[in-house]
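*Asks:* Starting off with a structure, shown below.
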Amino acid sequence: MLKNRIIPCLDVKNGRVVKGINFVDLKDAGDPVEQAKIYSDGGADEICFLDITASNENRDTIYEVVEKTSKKCFVPLTVGGGVRSIEDINKLLKCGADKVSINTAAVQNSKVVIDSSKKFGSQCIVVAIDAKKNGKNWEIFTHGGRNSTGIDAIVYAKKMEEFGAGELLVTSMDRDGTQVGYDIELMSKISSRVNIPVIASGGVGNLDHLVEGIKLGKASAVLAASIFHYGKHSIKEAKEYLDSKGIPVRI
Amino acid sequence: MNVTIVDYKSGNISSVINSFKEVAQNKVKIEVTSDLNKIKSSDKVVLPGQGSFKSCIDALNKINGLVETLNVFAINNKKPLLGICVGLQMFADVGYEETETKGLGWISGKVTKIDNQNGKYKLPHIGWNEINIIKDSKILKDIKNKSHMYFVHSYEFLPNNKNAILATTNYSSNHVCAIETENIFGTQFHPEKSDKIGLKIIDNFINL
């Protein structure tokens, strides 16, 4: 039986982890490689790096991080943030990323999704959708949630599937950082409409939220950042909890 | 000993290279190349594969003499070869991804889309799934039944010779996820992405 995945996400800025795990025995708390290794040794089903480097001159730092991590972690590695072009995707894959998530670029130019999924295979193309509730619907936002687009999230999700995305990483901008739980309605609506896996993101504050994301949100995988940081919960705890709630996980 | 990972310019093989280097350390030489002479003289060959069946076959055919060299290596000389994901699928006679495409024809059978039961099962089949070991093999040495492996695929290999099947996994139905015929081995899952248990399979192949 296919297991639901737990994916810890690390925000990386200028090659350093911004939040992250804060263990006393950690040699260098800002080192993304060391943090990713702790997660993969702890049973993470996948590792996600979100590059939030703002300045262009430091954009290349992520490549070095990915290269070093892929030599230490032997679980899938997804990298997103600032991916604009086929060339960016190619570079990340060459450095050892297994999947690349495309956000703003996919909205601005859907050809990137079509071309990259043809060139590299759908299996490594994740389209990241940032959505905000607007009345009865959800609207897509770009540039880290700053710019509205007027595009309906559900329609867009379906379109990205047709264009060749292998997975959708759906983040509720209303919930992101609030720790009150995923936007279940958004997750389940998108998940029911598409035939590709949905990764739920944005708003996890406790382990029950992970359960809800899978059971009610119908997500194939759950992504979380802060609950795994500072040692609040370990991956192992999360998996044991999901298992106790009858959710199939890899233990 | 040296192991050659065939780099035929299709898909992303960084993870395969990293994992083999991790397992081999400095004891075994890992070569990454499409050089025909190097492939001929190597002890073992790894055939990775990402993207579609058609795109991988096309990429193999683009390198003059590569298919013939692989044929001699695996079929005439019977040296150990491991296919991963589409690398395994290409062993078949024919694949139906994108369009009907002739395979290497090493293990008789075809590659078809997983039946998603009218959308009941999402495709690709992405994530960790248990393998059901149905036959002992050197490549599965010390791998426990029901071990988790990492999968990413929408197509499955249906071999005619059921004796070739080492393990299956269940997604929509039971499908083949590990095969062996004499010197030819293949996994539908990605051992290079399946954590320590996956690295053990790579270790088993290197130590055949």
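By convention here, the chains of the structure tokens are called A, B, ... in the order presented, each chain's residues are numbered starting at 1, and ligands are numbered starting at 1 in the order presented.
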For the structure I just gave you, how does DSSP split segment 33-218 of chain A - specifically, which residues are strand (DSSP E)? Reply as number ranges by chain.
*Replies:* A: 47-51, 77-80, 99-102, 125-134, 137-142, 147-152, 167-172, 198-201
*Asks:* Extract, using only C-alpha atoms, all DNA, RNA and protein residues at most 12 Å from Gln117 of chain B, discarding same-chain residues fewer than 2 positions from it, and format them as a list in words.
*Replies:* Asn195 of chain A; Lys113, Ile114, Asp115, Gly119, Lys120, Tyr121, Lys122, Leu123, Tyr171, Ser172 and Ser173 of chain B
*Asks:* Could you list, with a cut-off of 8 Å and counting only C-alpha atoms, the residues of segment 88-172 of chain B near segment 50-60 of chain B, each shown with its nearest atom pair and the distance in Å rounded to one decimal, rows sorted by chain and ascending number, as CSV?
*Replies:*
```
residue,atom,partner,partner_atom,distance
B:Gln89,CA,B:Phe53,CA,7.3
B:Met90,CA,B:Phe53,CA,6.8
B:Gly95,CA,B:Phe53,CA,6.3
B:Tyr96,CA,B:Phe53,CA,7.7
B:Glu97,CA,B:Phe53,CA,5.8
B:Glu98,CA,B:Lys54,CA,6.8
B:Thr99,CA,B:Lys54,CA,7.2
B:Thr101,CA,B:Lys54,CA,6.0
B:Lys102,CA,B:Ile57,CA,8.0
B:Gly103,CA,B:Ile57,CA,6.9
```
*Asks:* Once you count only C-alpha atoms, which residues of chain B turn out to be within 8 Å of chain A? Could you give them as number ranges by chain?
*Replies:* B: 10-15, 18-19, 22, 50-52, 119, 121-124, 126-130, 148, 152-153, 169-171, 192-196
*Asks:* May I have all residues of segment 14-206 of chain B that DSSP, computed from the backbone, assigns to helix (DSSP H, G or I), given as a PyMOL selection string?
*Replies:* chain B and resi 14-24+36-41+53-62+66-76+86-89+138-140+162-164+191-193+195-206
*Asks:* Quick check, in Å to one decimal: how far apart do atom CA of Asn160 of chain B and atom CA of His125 of chain B lie?
*Replies:*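 Going from atom CA of Asn160 of chain B over to atom CA of His125 of chain B covers 22.7 Å.
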*Asks:* Just checking: using only C-alpha atoms, which residue out of A:Glu64, A:Glu34, A:Asp130, A:Glu87 ends up closest to Asn14 of chain A?
*Replies:* A:Glu64
*Asks:* Identify which of the residues B:Val23, B:Leu66, B:Ile131, B:Ile39 lies closest to Ile206 of chain B, counting only C-alpha atoms when measuring atom-to-atom distances.
*Replies:*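 Answer, going by the shortest atom-to-atom distance: B:Val23.
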*Asks:* Identify which of the residues B:Asn161, B:Asp203, B:Glu100, B:Gly49 lies closest to Phe189 of chain B, counting only C-alpha atoms when measuring atom-to-atom distances.
*Replies:*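 Counting only C-alpha atoms, the residue closest to Phe189 of chain B is B:Gly49.
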*Asks:* Separation of atom CA of Ala224 of chain A and atom CA of Ala153 of chain A, in Å?
*Replies:*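 Result for atom CA of Ala224 of chain A versus atom CA of Ala153 of chain A: 20.8 Å, one decimal.
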*Asks:* Using only C-alpha atoms, find the one residue out of B:Cys85, B:Leu140, B:Ile201, B:Ala178 that sits nearest to Ser154 of chain B.
*Replies:*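 Going through B:Cys85, B:Leu140, B:Ile201, B:Ala178 one by one, the smallest distance to Ser154 of chain B is for B:Cys85.
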*Asks:* Would you work out the distance separating atom CA of Tyr156 of chain A from atom CA of Ile129 of chain A, expressed in Å to one decimal?
*Replies:*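 That distance, rounded to one decimal, is 8.7 Å.
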